[in-house]
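**Student:** This is target_33.cif, which holds mmCIF, C-alpha atoms and all ligand atoms:
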data_protein
#
loop_
_atom_site.label_atom_id
_atom_site.label_comp_id
_atom_site.auth_asym_id
_atom_site.auth_seq_id
_atom_site.Cartn_x
_atom_site.Cartn_y
_atom_site.Cartn_z
CA MET A 610 -94.98 -85.35 -43.45
CA THR A 611 -92.48 -83.17 -41.63
CA LEU A 612 -93.12 -79.77 -43.08
CA SER A 613 -95.52 -77.31 -41.59
CA PHE A 614 -96.20 -73.79 -42.75
CA ASP A 615 -97.26 -70.52 -41.27
CA LEU A 616 -97.79 -68.78 -44.57
CA THR A 617 -99.87 -71.28 -46.35
CA THR A 618 -102.62 -69.10 -47.69
CA GLU A 619 -102.28 -66.45 -50.34
CA GLY A 620 -104.09 -64.17 -47.87
CA ALA A 621 -101.37 -64.53 -45.27
CA ARG A 622 -98.68 -63.89 -47.87
CA ASP A 623 -100.50 -60.85 -49.18
CA ALA A 624 -100.77 -59.46 -45.67
CA LEU A 625 -97.01 -59.73 -45.26
CA ARG A 626 -96.42 -58.19 -48.66
CA ALA A 627 -98.66 -55.29 -47.71
CA ARG A 628 -96.45 -54.61 -44.68
CA ALA A 629 -93.34 -54.63 -46.82
CA ALA A 630 -91.49 -51.38 -47.42
CA PRO A 631 -92.62 -49.02 -50.13
CA ALA A 632 -89.49 -49.17 -52.27
CA GLU A 633 -89.36 -45.41 -52.96
CA ASN A 634 -88.61 -44.12 -49.48
CA PRO A 635 -85.17 -44.58 -47.94
CA SER A 636 -85.13 -46.64 -44.77
CA LEU A 637 -84.00 -45.29 -41.42
CA ILE A 638 -82.90 -48.78 -40.36
CA GLY A 639 -79.14 -49.34 -40.41
CA LEU A 640 -78.04 -45.70 -40.01
CA THR A 641 -75.77 -44.70 -37.14
CA ARG A 642 -77.32 -42.25 -34.66
CA ALA A 643 -75.40 -39.38 -36.27
CA GLU A 644 -76.53 -40.40 -39.76
CA LEU A 645 -80.09 -40.73 -38.53
CA GLY A 646 -80.05 -37.20 -37.07
CA ALA A 647 -78.50 -35.83 -40.27
CA ALA A 648 -81.09 -37.54 -42.46
CA LEU A 649 -83.91 -35.98 -40.43
CA VAL A 650 -82.38 -32.51 -40.68
CA GLU A 651 -81.60 -32.83 -44.39
CA SER A 652 -85.18 -33.80 -45.13
CA GLY A 653 -86.23 -30.48 -43.61
CA ILE A 654 -88.73 -32.00 -41.20
CA VAL A 655 -86.67 -31.77 -38.03
CA PRO A 656 -84.76 -28.63 -36.97
CA GLU A 657 -81.06 -29.03 -36.26
CA ARG A 658 -81.49 -28.44 -32.51
CA GLN A 659 -83.93 -31.35 -32.24
CA ALA A 660 -81.91 -33.79 -34.32
CA ARG A 661 -80.29 -35.70 -31.45
CA MET A 662 -83.48 -35.99 -29.46
CA ARG A 663 -85.52 -37.16 -32.44
CA ALA A 664 -82.84 -39.62 -33.49
CA GLN A 665 -82.88 -41.07 -29.98
CA GLN A 666 -86.67 -41.33 -30.02
CA LEU A 667 -86.70 -43.10 -33.35
CA TRP A 668 -83.86 -45.38 -32.27
CA HIS A 669 -85.92 -46.51 -29.31
CA TRP A 670 -89.02 -47.21 -31.41
CA MET A 671 -87.08 -49.03 -34.12
CA TYR A 672 -84.74 -51.12 -32.02
CA VAL A 673 -86.26 -51.47 -28.54
CA ARG A 674 -89.95 -51.60 -29.40
CA GLY A 675 -89.49 -53.09 -32.87
CA VAL A 676 -92.06 -50.79 -34.45
CA SER A 677 -92.21 -51.11 -38.25
CA ASP A 678 -94.56 -48.22 -38.95
CA PHE A 679 -94.29 -44.55 -37.94
CA ALA A 680 -97.96 -44.66 -36.92
CA GLY A 681 -97.02 -46.78 -33.90
CA MET A 682 -94.61 -44.17 -32.49
CA PHE A 683 -97.00 -42.67 -29.97
CA ASN A 684 -94.82 -40.03 -28.34
CA ILE A 685 -94.17 -38.35 -31.68
CA SER A 686 -96.79 -35.85 -32.87
CA LYS A 687 -99.20 -36.96 -35.54
CA ASP A 688 -97.97 -34.30 -37.96
CA LEU A 689 -94.36 -35.30 -37.59
CA ARG A 690 -95.26 -38.98 -37.98
CA ALA A 691 -97.01 -38.13 -41.23
CA GLU A 692 -93.98 -36.17 -42.46
CA LEU A 693 -91.66 -39.02 -41.53
CA GLY A 694 -93.88 -41.39 -43.51
CA LYS A 695 -93.66 -39.13 -46.56
CA HIS A 696 -89.86 -39.13 -46.57
CA PHE A 697 -88.73 -42.38 -44.98
CA THR A 698 -89.70 -45.91 -44.08
CA VAL A 699 -88.99 -48.29 -41.20
CA ALA A 700 -90.91 -51.15 -42.80
CA ARG A 701 -89.74 -54.75 -43.04
CA PRO A 702 -88.63 -56.46 -46.25
CA GLU A 703 -90.92 -58.75 -48.15
CA ILE A 704 -91.05 -62.28 -46.75
CA VAL A 705 -91.39 -64.53 -49.77
CA GLU A 706 -91.59 -67.64 -47.68
CA GLU A 707 -91.40 -68.91 -44.13
CA GLN A 708 -90.82 -72.57 -43.48
CA ILE A 709 -90.91 -74.33 -40.16
CA SER A 710 -89.12 -77.62 -39.63
CA SER A 711 -90.48 -80.40 -37.47
CA ASP A 712 -87.72 -79.57 -34.96
CA GLY A 713 -88.78 -75.92 -34.74
CA THR A 714 -86.03 -74.55 -37.00
CA ARG A 715 -87.38 -71.74 -39.17
CA LYS A 716 -86.17 -70.51 -42.49
CA TRP A 717 -87.22 -67.27 -44.12
CA LEU A 718 -86.72 -66.32 -47.72
CA PHE A 719 -86.51 -62.52 -47.94
CA ARG A 720 -86.71 -60.38 -51.05
CA PHE A 721 -84.84 -57.09 -51.10
CA PRO A 722 -85.32 -54.43 -53.74
CA PRO A 723 -82.64 -53.76 -56.34
CA ARG A 724 -79.92 -51.33 -55.31
CA GLY A 725 -79.03 -49.24 -58.31
CA ALA A 726 -79.37 -51.01 -61.61
CA GLY A 727 -79.68 -54.57 -60.30
CA ARG A 728 -82.65 -56.85 -59.88
CA PRO A 729 -84.45 -57.74 -56.65
CA VAL A 730 -82.49 -60.30 -54.68
CA GLU A 731 -83.49 -63.13 -52.37
CA ILE A 732 -81.61 -64.37 -49.35
CA GLU A 733 -82.30 -66.74 -46.51
CA THR A 734 -82.11 -66.48 -42.76
CA VAL A 735 -82.40 -69.41 -40.38
CA TYR A 736 -83.56 -69.56 -36.75
CA ILE A 737 -82.40 -72.47 -34.62
CA PRO A 738 -84.12 -72.79 -31.22
CA GLU A 739 -82.42 -74.79 -28.51
CA GLU A 740 -83.01 -75.38 -24.81
CA GLY A 741 -81.39 -72.24 -23.46
CA ARG A 742 -80.92 -70.10 -26.54
CA GLY A 743 -82.25 -69.16 -29.95
CA THR A 744 -79.66 -68.60 -32.68
CA LEU A 745 -80.24 -66.61 -35.83
CA CYS A 746 -78.01 -67.42 -38.80
CA ILE A 747 -77.69 -64.24 -40.87
CA SER A 748 -76.50 -63.71 -44.45
CA SER A 749 -74.06 -60.96 -45.41
CA GLN A 750 -73.97 -61.23 -49.22
CA VAL A 751 -76.12 -62.53 -52.04
CA GLY A 752 -73.91 -65.35 -53.31
CA CYS A 753 -70.17 -65.35 -52.59
CA THR A 754 -67.02 -64.47 -54.51
CA LEU A 755 -65.19 -67.38 -52.91
CA THR A 756 -65.45 -70.91 -54.17
CA CYS A 757 -65.06 -73.33 -51.29
CA SER A 758 -65.48 -76.65 -53.02
CA PHE A 759 -67.89 -78.23 -50.48
CA CYS A 760 -70.17 -75.16 -50.19
CA HIS A 761 -73.17 -74.68 -52.37
CA THR A 762 -73.08 -70.90 -52.01
CA GLY A 763 -69.59 -71.16 -53.50
CA THR A 764 -71.09 -72.36 -56.78
CA GLN A 765 -73.17 -69.19 -57.05
CA LYS A 766 -71.73 -65.93 -58.31
CA LEU A 767 -71.72 -62.92 -56.03
CA VAL A 768 -74.75 -60.83 -56.90
CA ARG A 769 -74.13 -58.06 -54.45
CA ASN A 770 -73.29 -57.13 -50.88
CA LEU A 771 -76.18 -56.67 -48.48
CA THR A 772 -76.55 -53.25 -46.91
CA ALA A 773 -76.46 -52.68 -43.14
CA GLU A 774 -80.23 -52.19 -43.33
CA GLU A 775 -80.71 -55.56 -45.02
CA ILE A 776 -78.49 -57.34 -42.53
CA LEU A 777 -80.45 -55.83 -39.63
CA ALA A 778 -83.77 -56.46 -41.36
CA GLN A 779 -83.12 -60.19 -41.03
CA LEU A 780 -82.85 -59.82 -37.25
CA LEU A 781 -85.79 -57.42 -36.90
CA THR A 782 -88.13 -59.52 -39.01
CA ALA A 783 -87.17 -62.75 -37.25
CA ARG A 784 -87.94 -61.06 -33.93
CA ASP A 785 -91.28 -59.86 -35.33
CA ARG A 786 -92.23 -63.34 -36.42
CA LEU A 787 -91.19 -64.90 -33.10
CA GLY A 788 -92.88 -62.24 -30.96
CA ASP A 789 -89.50 -61.21 -29.56
CA PHE A 790 -90.28 -57.51 -28.97
CA PRO A 791 -91.99 -56.09 -25.86
CA ASP A 792 -95.77 -56.69 -25.74
CA ARG A 793 -95.74 -59.08 -28.69
CA ASP A 794 -97.13 -62.59 -28.67
CA THR A 795 -95.16 -65.61 -29.78
CA PRO A 796 -97.13 -67.61 -32.36
CA ASP A 797 -98.91 -70.68 -30.98
CA GLY A 798 -96.79 -73.80 -31.21
CA ALA A 799 -93.55 -71.95 -32.00
CA VAL A 800 -90.46 -73.66 -30.61
CA VAL A 801 -88.48 -71.02 -28.69
CA PRO A 802 -86.24 -71.05 -25.59
CA ALA A 803 -88.30 -71.44 -22.40
CA GLU A 804 -86.90 -68.25 -20.91
CA GLY A 805 -85.31 -65.03 -22.05
CA ARG A 806 -84.98 -63.69 -25.53
CA LYS A 807 -86.25 -65.73 -28.45
CA VAL A 808 -83.28 -64.58 -30.53
CA SER A 809 -80.45 -64.60 -28.00
CA ASN A 810 -77.51 -65.27 -30.36
CA ILE A 811 -76.46 -64.27 -33.85
CA VAL A 812 -74.08 -66.12 -36.14
CA MET A 813 -72.88 -64.54 -39.38
CA MET A 814 -72.89 -67.92 -41.07
CA GLY A 815 -75.50 -67.54 -43.78
CA MET A 816 -74.70 -66.76 -47.39
CA GLY A 817 -71.57 -64.83 -48.17
CA GLU A 818 -68.23 -63.89 -46.68
CA PRO A 819 -68.87 -61.23 -44.02
CA LEU A 820 -65.34 -59.87 -44.14
CA TYR A 821 -65.73 -59.05 -47.84
CA ASN A 822 -68.59 -56.78 -46.80
CA PHE A 823 -66.82 -55.37 -43.77
CA GLU A 824 -68.30 -51.89 -43.46
CA ALA A 825 -71.96 -52.95 -43.73
CA VAL A 826 -71.44 -55.91 -41.41
CA LYS A 827 -69.66 -53.69 -38.89
CA LYS A 828 -72.42 -51.11 -38.95
CA ALA A 829 -75.16 -53.71 -38.57
CA LEU A 830 -73.44 -55.56 -35.73
CA LEU A 831 -72.67 -52.36 -33.83
CA ILE A 832 -76.37 -51.49 -34.03
CA ALA A 833 -77.39 -55.04 -33.04
CA SER A 834 -75.18 -54.78 -29.94
CA ASP A 835 -76.07 -51.18 -29.03
CA GLY A 836 -77.05 -51.10 -25.35
CA ASP A 837 -79.87 -48.60 -25.89
CA GLY A 838 -81.35 -50.56 -28.75
CA LEU A 839 -81.29 -54.19 -29.83
CA SER A 840 -78.82 -54.79 -27.03
CA LEU A 841 -77.42 -58.19 -27.97
CA SER A 842 -74.25 -59.02 -26.09
CA LYS A 843 -71.17 -59.04 -28.34
CA ARG A 844 -70.29 -62.36 -26.73
CA ARG A 845 -73.43 -63.77 -28.27
CA ILE A 846 -72.58 -62.59 -31.77
CA THR A 847 -70.20 -64.76 -33.80
CA LEU A 848 -68.74 -63.78 -37.13
CA SER A 849 -67.54 -66.66 -39.29
CA THR A 850 -64.87 -66.11 -41.92
CA SER A 851 -63.17 -68.37 -44.42
CA GLY A 852 -59.97 -66.53 -43.52
CA VAL A 853 -59.81 -62.98 -44.86
CA VAL A 854 -56.65 -62.33 -42.86
CA PRO A 855 -56.32 -58.53 -43.30
CA GLU A 856 -59.77 -57.95 -41.76
CA ILE A 857 -59.48 -60.34 -38.82
CA PHE A 858 -57.76 -57.90 -36.46
CA ARG A 859 -60.25 -55.18 -37.38
CA THR A 860 -63.12 -57.53 -36.58
CA GLY A 861 -61.98 -57.78 -32.99
CA ASP A 862 -60.79 -54.22 -32.72
CA GLU A 863 -63.66 -52.36 -34.39
CA ILE A 864 -66.62 -54.70 -33.92
CA GLY A 865 -65.55 -56.74 -30.89
CA VAL A 866 -67.61 -59.84 -31.61
CA MET A 867 -66.66 -63.49 -31.28
CA LEU A 868 -64.70 -65.01 -34.14
CA ALA A 869 -65.18 -68.31 -35.95
CA ILE A 870 -62.76 -69.58 -38.58
CA SER A 871 -63.81 -72.00 -41.29
CA LEU A 872 -60.69 -74.09 -41.04
CA HIS A 873 -61.67 -77.49 -42.51
CA ALA A 874 -58.09 -78.61 -43.21
CA THR A 875 -54.82 -78.59 -41.30
CA ASN A 876 -52.32 -78.42 -44.15
CA ASP A 877 -52.05 -75.93 -47.00
CA ASP A 878 -52.31 -78.49 -49.80
CA LEU A 879 -55.73 -79.70 -48.69
CA ARG A 880 -56.97 -76.30 -47.55
CA ASP A 881 -56.04 -74.83 -50.96
CA LEU A 882 -58.54 -77.29 -52.44
CA LEU A 883 -61.31 -76.93 -49.88
CA VAL A 884 -61.07 -73.22 -49.04
CA PRO A 885 -59.24 -71.62 -51.97
CA ILE A 886 -58.75 -68.26 -50.22
CA ASN A 887 -56.01 -70.24 -48.47
CA LYS A 888 -53.82 -69.71 -51.55
CA LYS A 889 -53.91 -66.01 -50.83
CA TYR A 890 -53.74 -66.22 -47.03
CA PRO A 891 -52.13 -69.55 -46.09
CA LEU A 892 -52.48 -71.28 -42.73
CA LYS A 893 -49.40 -69.71 -41.20
CA GLU A 894 -50.81 -66.20 -41.71
CA LEU A 895 -54.30 -67.25 -40.68
CA ILE A 896 -53.12 -68.81 -37.43
CA ALA A 897 -50.93 -65.79 -36.68
CA ALA A 898 -53.96 -63.52 -37.15
CA CYS A 899 -55.95 -65.73 -34.78
CA ARG A 900 -53.26 -65.53 -32.11
CA ALA A 901 -53.35 -61.74 -32.40
CA TYR A 902 -57.16 -61.50 -32.20
CA PRO A 903 -58.09 -58.67 -29.81
CA GLY A 904 -59.61 -59.88 -26.55
CA LEU A 905 -58.65 -63.51 -27.08
CA SER A 906 -58.65 -65.39 -23.77
CA ASN A 907 -59.93 -68.61 -22.25
CA ALA A 908 -63.21 -66.85 -21.65
CA ARG A 909 -63.31 -65.58 -25.25
CA ARG A 910 -62.19 -68.43 -27.44
CA ILE A 911 -62.07 -68.63 -31.20
CA THR A 912 -64.32 -71.28 -32.72
CA PHE A 913 -62.71 -73.37 -35.43
CA GLU A 914 -65.23 -74.90 -37.78
CA TYR A 915 -64.31 -78.21 -39.33
CA VAL A 916 -66.61 -79.82 -41.85
CA MET A 917 -66.43 -83.62 -41.80
CA LEU A 918 -65.80 -84.88 -45.34
CA LYS A 919 -65.58 -88.62 -45.84
CA ASP A 920 -62.04 -89.81 -46.65
CA VAL A 921 -60.91 -86.23 -47.26
CA ASN A 922 -60.14 -84.66 -43.87
CA ASP A 923 -61.59 -87.08 -41.31
CA SER A 924 -58.70 -89.38 -40.30
CA ILE A 925 -57.08 -89.54 -36.88
CA GLU A 926 -53.96 -88.09 -38.55
CA ASP A 927 -56.07 -85.06 -39.43
CA ALA A 928 -57.29 -84.82 -35.84
CA LYS A 929 -53.66 -84.89 -34.67
CA GLY A 930 -52.78 -82.20 -37.19
CA LEU A 931 -55.62 -80.07 -35.90
CA ILE A 932 -54.48 -80.25 -32.29
CA LYS A 933 -50.91 -79.41 -33.33
CA LEU A 934 -52.02 -76.46 -35.43
CA LEU A 935 -54.16 -74.91 -32.71
CA LYS A 936 -51.67 -75.42 -29.89
CA GLY A 937 -51.72 -72.50 -27.49
CA ILE A 938 -54.77 -70.78 -28.99
CA PRO A 939 -57.84 -70.55 -26.72
CA ALA A 940 -60.13 -72.49 -29.05
CA LYS A 941 -63.35 -74.39 -29.45
CA ILE A 942 -63.63 -76.87 -32.28
CA ASN A 943 -66.96 -77.20 -34.01
CA LEU A 944 -67.29 -80.38 -36.04
CA ILE A 945 -69.90 -79.92 -38.76
CA PRO A 946 -71.34 -82.97 -40.49
CA PHE A 947 -71.13 -82.18 -44.20
CA ASN A 948 -74.53 -81.29 -45.58
CA PRO A 949 -74.66 -82.70 -49.11
CA TRP A 950 -76.25 -80.85 -52.01
CA PRO A 951 -77.22 -81.99 -55.50
CA GLY A 952 -74.13 -82.23 -57.69
CA THR A 953 -71.49 -82.34 -54.96
CA ASN A 954 -68.71 -84.91 -55.09
CA TYR A 955 -68.25 -84.94 -51.31
CA GLN A 956 -69.91 -87.18 -48.79
CA CYS A 957 -70.42 -86.72 -45.07
CA SER A 958 -68.10 -88.82 -42.90
CA ASP A 959 -69.64 -91.87 -41.22
CA TRP A 960 -71.05 -91.16 -37.80
CA GLU A 961 -68.56 -93.55 -36.22
CA THR A 962 -65.65 -91.69 -37.82
CA ILE A 963 -67.01 -88.35 -36.61
CA GLU A 964 -67.29 -89.72 -33.08
CA LYS A 965 -63.74 -91.07 -33.13
CA PHE A 966 -62.48 -87.73 -34.41
CA ALA A 967 -64.43 -85.92 -31.68
CA ASP A 968 -63.12 -88.29 -28.99
CA TYR A 969 -59.54 -87.62 -30.03
CA ILE A 970 -60.09 -83.90 -29.82
CA ASN A 971 -61.90 -84.12 -26.51
CA ASN A 972 -59.07 -86.18 -25.07
CA ALA A 973 -56.66 -83.47 -26.15
CA GLY A 974 -58.63 -81.08 -23.94
CA TYR A 975 -60.88 -79.31 -26.41
CA ALA A 976 -64.60 -79.03 -26.16
CA SER A 977 -65.68 -80.21 -29.60
CA PRO A 978 -69.41 -80.24 -29.97
CA ILE A 979 -70.65 -81.91 -33.11
CA ARG A 980 -73.07 -79.48 -34.66
CA THR A 981 -76.28 -81.45 -34.78
CA PRO A 982 -77.87 -81.24 -38.17
CA ARG A 983 -80.95 -79.09 -37.77
CA GLY A 984 -83.91 -78.43 -39.98
CA ARG A 985 -82.82 -81.01 -42.53
CA ASP A 986 -86.38 -81.30 -43.76
CA ILE A 987 -86.21 -77.68 -44.88
CA LEU A 988 -82.51 -77.79 -45.85
CA ALA A 989 -81.80 -75.08 -43.32
CA ALA A 990 -78.15 -75.82 -42.65
CA CYS A 991 -75.79 -72.91 -42.75
CA GLY A 992 -73.77 -72.98 -45.94
CA GLN A 993 -76.71 -74.31 -47.85
CA LEU A 994 -78.97 -71.33 -47.90
CA LYS A 995 -81.13 -70.11 -50.73
CA SER A 996 -79.71 -72.54 -53.24
CA GLU A 997 -82.49 -75.07 -53.02
CA SER A 998 -85.38 -72.74 -52.50
CA GLU A 999 -86.51 -72.44 -56.11
CA ARG A 1000 -86.79 -76.17 -56.46
CA MET A 1001 -88.18 -76.66 -52.98
CA ARG A 1002 -90.94 -74.20 -53.36
CA LYS A 1003 -92.57 -76.24 -56.06
CA VAL A 1004 -92.10 -79.49 -54.19
CA ASP A 1005 -93.39 -78.03 -50.96
CA ARG A 1006 -96.45 -76.60 -52.63
CA LEU A 1007 -97.25 -80.01 -54.05
CA ALA A 1008 -96.72 -81.64 -50.67
CA LEU A 1009 -98.98 -79.10 -49.08
CA GLU A 1010 -101.69 -79.56 -51.66
CA ALA A 1011 -101.51 -83.32 -51.13
CA MET A 1012 -101.93 -82.79 -47.38
CA MET A 1013 -104.88 -80.52 -47.84
CA ILE A 1014 -106.55 -82.84 -50.30
CA ALA A 1015 -106.04 -85.71 -47.88
CA GLY A 1016 -107.76 -83.59 -45.25
CA HIS A 1017 -105.00 -83.55 -42.67
CA GLY A 1018 -102.19 -81.23 -41.85
CA GLU A 1019 -102.68 -77.61 -40.99
CA ALA A 1020 -103.67 -75.28 -43.75
N1 LIG B 1101 -68.40 -67.36 -45.60
C1 LIG B 1101 -68.27 -67.58 -44.21
C2 LIG B 1101 -69.59 -67.74 -43.49
C3 LIG B 1101 -70.66 -68.55 -44.18
S1 LIG B 1101 -70.50 -70.29 -44.30
C4 LIG B 1101 -67.38 -68.76 -43.94
O1 LIG B 1101 -67.04 -69.47 -44.88
O2 LIG B 1101 -66.99 -68.94 -42.79
C5 LIG B 1101 -70.84 -70.90 -42.65
C6 LIG B 1101 -70.15 -72.24 -42.34
O3 LIG B 1101 -70.80 -73.33 -43.05
C7 LIG B 1101 -68.70 -72.27 -42.78
O4 LIG B 1101 -67.89 -72.87 -41.79
C8 LIG B 1101 -68.75 -73.12 -44.02
O5 LIG B 1101 -67.50 -73.66 -44.30
C9 LIG B 1101 -69.79 -74.15 -43.66
N2 LIG B 1101 -70.38 -74.86 -44.79
C10 LIG B 1101 -70.54 -74.45 -46.06
N3 LIG B 1101 -71.12 -75.40 -46.81
C11 LIG B 1101 -71.34 -76.45 -46.01
C12 LIG B 1101 -71.93 -77.74 -46.19
N4 LIG B 1101 -72.43 -78.11 -47.37
N5 LIG B 1101 -72.00 -78.57 -45.12
C13 LIG B 1101 -71.53 -78.17 -43.92
N6 LIG B 1101 -70.99 -76.96 -43.68
C14 LIG B 1101 -70.87 -76.12 -44.71
FE1 LIG B 1102 -68.33 -68.37 -49.42
FE2 LIG B 1102 -68.23 -69.29 -46.87
FE3 LIG B 1102 -69.31 -70.79 -48.83
FE4 LIG B 1102 -66.68 -70.40 -48.78
S1 LIG B 1102 -67.92 -71.49 -47.21
S2 LIG B 1102 -67.99 -70.25 -50.59
S3 LIG B 1102 -66.56 -68.30 -48.02
S4 LIG B 1102 -70.08 -68.82 -48.07
#
Let me see whether you can do it: turn the structure in this file into structure tokens.
**Tutor:**
Amino acid sequence: MTLSFDLTTEGARDALRARAAPAENPSLIGLTRAELGAALVESGIVPERQARMRAQQLWHWMYVRGVSDFAGMFNISKDLRAELGKHFTVARPEIVEEQISSDGTRKWLFRFPPRGAGRPVEIETVYIPEEGRGTLCISSQVGCTLTCSFCHTGTQKLVRNLTAEEILAQLLTARDRLGDFPDRDTPDGAVVPAEGRKVSNIVMMGMGEPLYNFEAVKKALLIASDGDGLSLSKRRITLSTSGVVPEIFRTGDEIGVMLAISLHATNDDLRDLLVPINKKYPLKELIAACRAYPGLSNARRITFEYVMLKDVNDSIEDAKGLIKLLKGIPAKINLIPFNPWPGTNYQCSDWETIEKFADYINNAGYASPIRTPRGRDILAACGQLKSESERMRKVDRLALEAMMIAGHGEA
């Protein structure tokens, strides 16, 4: 049995639900400093002349200390804390489920309240611990408007964009659960990097196309990299796009994070089939946008993601085409073993084929790490988020019950 759970008891789940945000109050998470100050003044609880100072205080509590309740903000008077609690919230979203893989990978299923007329939505966030770093894979949309043929998210309709608050909430809650704020304990047995931050890197590689939710993603990532707050280095934040060409320059210019391109094919005919946005922005335009990416250098390379699909894009001819296409661009190539999902017609390339492909690319001078499949027992691969959770929940519950009945496994 490979699954283990933190949230196995109803009691534990209830406790997390109780911490979840009261839906009525607007959150202060995800506002710029100026917006934060303005919200405090508009509510009538902070005079204009104190707005900047109060905004700075709150910023520190929210993003440096990771406090999720006004009551914990000790240098703010009790009366003001009570007023803040009446008007606003800094609480975390509801965690519907937390799963922990045998390799330490964690997957959270979050529920966010409806925005406007919609229904509550659920999204997933994945944490991948490695020797020297801990990477959080964050979602930007619920579903996706694009229809990449090998991606399970692509079979789901777009429900809505996530807000900046919801994008940040994934990071804040992951850090809560990993004890990654000052004076917090890491849960016993958690797999985290031996030193430094538990969440040291972010990849925008969960559900959705981040560049179709540009403003919210920009806001969230600027807050995540703010030096007086969450303080993640922009070099440790990677935004992955299927190739929304008009927003690529802006990503470098206005956000300044690292770029990853979901390339997957080296000619337009095949890419039209795999990544249909290619029909709108073909390879020539995509590659030109990459060459013009602000800050591009050997120290700041673009990552090209290439999913290995058996007999589709995995021949040595394809590898040659890849090297030709990327000539002159400071690049890393990330080979991703295809992660199959129920109903897909694709298969993952044989391991031998992947290694040959990787060797060819390495010999051409590119570092081409093969992304090791992680958390397979909880289906935590990027590009395969949320989709299986409904079905899994039932299966996992049964597995857990079986373990408990048998008298082993942790309850
Ligand atoms: N929409 C963005 C980011 C999310 S997808 C994008 O497409 O870049 C993150 C990565 O996972 C992308 O490179 C995507 O092509 C890849 N991916 C999607 N489904 C996959 C699957 N079943 N197996 C392996 N990789 C997959
Ligand atoms: Fe959307 Fe990315 Fe999946 Fe394509 S690969 S359908 S852009 S999430």
**Student:** Taking only C-alpha atoms and all ligand atoms into account, which of A:Val735, A:Leu787, A:Ala773, A:Ala901 comes nearest ligand LIG 1101 (chain B)?
**Tutor:**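 Among A:Val735, A:Leu787, A:Ala773, A:Ala901, it is A:Val735 that comes nearest to ligand LIG 1101 (chain B).
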**Student:** When the cut-off is 6 Å and you count only C-alpha atoms and all ligand atoms, which residues lie near ligand LIG 1102 (chain B), shown as a PyMOL selection string?
**Tutor:** chain A and resi 753+755-757+760+762-763+816-818+851+992
**Student:** List all protein, DNA and RNA residues that have at least one atom no more than 7 Å from any atom of ligand LIG 1101 (chain B), counting all atoms listed in the file, and write them as a list in words.
**Tutor:** Phe759, Cys760, His761, Met813, Met814, Gly815, Met816, Gly817, Glu818, Pro819, Ser849, Thr850, Ser851, Ile870, Ser871, Glu914, Tyr915, Val916, Ile945, Pro946, Phe947, Asn948, Pro949, Trp950, Cys991, Gly992 and Gln993 of chain A
**Student:** Could you please determine the separation between CA of Pro903 in chain A and CA of Lys843 in chain A in Å, to one decimal place?
**Tutor:**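 Here the two named atoms are 13.2 Å from each other.
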**Student:** Which residues are near Arg728 in chain A? Cut-off 12 Å, all atoms listed in the file, ignore same chain within fewer than 4 positions. Put them as a ChimeraX atom specification.
**Tutor:** /A:720-724,751,768-769
**Student:** Report the distance between CA of Arg784 in chain A and CA of Lys828 in chain A in Å, rounded to one decimal place.
**Tutor:**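 Rounded to one decimal, the two atoms are 19.1 Å apart.
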**Student:** Using all atoms listed in the file, which of A:Ala680, A:Thr875, A:Ile638, A:Pro891 sits nearest Leu777 in chain A?
**Tutor:**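 Smallest distance to Leu777 in chain A is found for A:Ile638.
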**Student:** One decimal, in Å: what's the spacing between CA of Gly930 in chain A and CA of Arg880 in chain A?
**Tutor:** 12.6 Å
**Student:** Between A:Phe790, A:Tyr736, A:Tyr672, A:Phe823, which one has atoms that come closest to Arg983 in chain A, using only C-alpha atoms?
**Tutor:** A:Tyr736
**Student:** Smallest atom-to-atom distance to Trp668 in chain A: which of A:Glu633, A:Asp835, A:Glu703, A:Asp968, using only C-alpha atoms?
**Tutor:** A:Asp835
**Student:** Can you tell me, as a PyMOL selection string, what residues are no more than 12 Å from Asn943 in chain A when counting all atoms listed in the file, ignoring any on the same chain fewer than 5 positions away?
**Tutor:** chain A and resi 849+869-873+910-917+931+963+966-967+970-971+975-981
**Student:** Would you list the residues near (-92.5, -67.2, -49.0), meaning any protein, DNA or RNA residue with an atom at most 8 Å from that point in file coordinates, counting all atoms listed in the file, as a count of residues only?
**Tutor:** 10
**Student:** Find the residues around Arg674 in chain A up to 10 Å (all atoms listed in the file counted), leave out those fewer than 5 positions away in its own chain, and share them as a ChimeraX atom specification.
**Tutor:** /A:667-669,681-682,789-793,838-839
**Student:** Using all atoms listed in the file, give me every residue within 9 Å of (-68.6, -63.6, -28.5) in file coordinates, as an MDAnalysis selection string.
**Tutor:** chainID A and resid 842:848 865:868 909:911
**Student:** Tell me which of A:Glu740, A:Asp959, A:Glu964, A:Asp794 sits closest to Ala928 in chain A, counting only C-alpha atoms.
**Tutor:**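 Counting only C-alpha atoms, the residue closest to Ala928 in chain A is A:Glu964.
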**Student:** Between A:Leu640, A:Ile896, A:Ile864, A:Val800, which one has atoms that come closest to Thr772 in chain A, using all atoms listed in the file?
**Tutor:**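 Among the listed residues, A:Leu640 lies closest to Thr772 in chain A.
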**Student:** Env of Asp785 in chain A: 10 Å cut, atoms = all atoms listed in the file, seq-sep filter 6 positions within chain, self excluded. Answer as JSON, numbers by chain.
**Tutor:** {"A": [675, 676, 677, 701, 779, 793, 794, 795]}
**Student:** Please, what is the axis-aligned box for every listed atom of range 793-799 of chain A with 4 Å on each side, as centre and edge lengths in Å to one decimal, as AutoDock Vina command-line options?
**Tutor:**
--center_x -96.2 --center_y -66.4 --center_z -30.5 --size_x 13.4 --size_y 22.7 --size_z 11.7
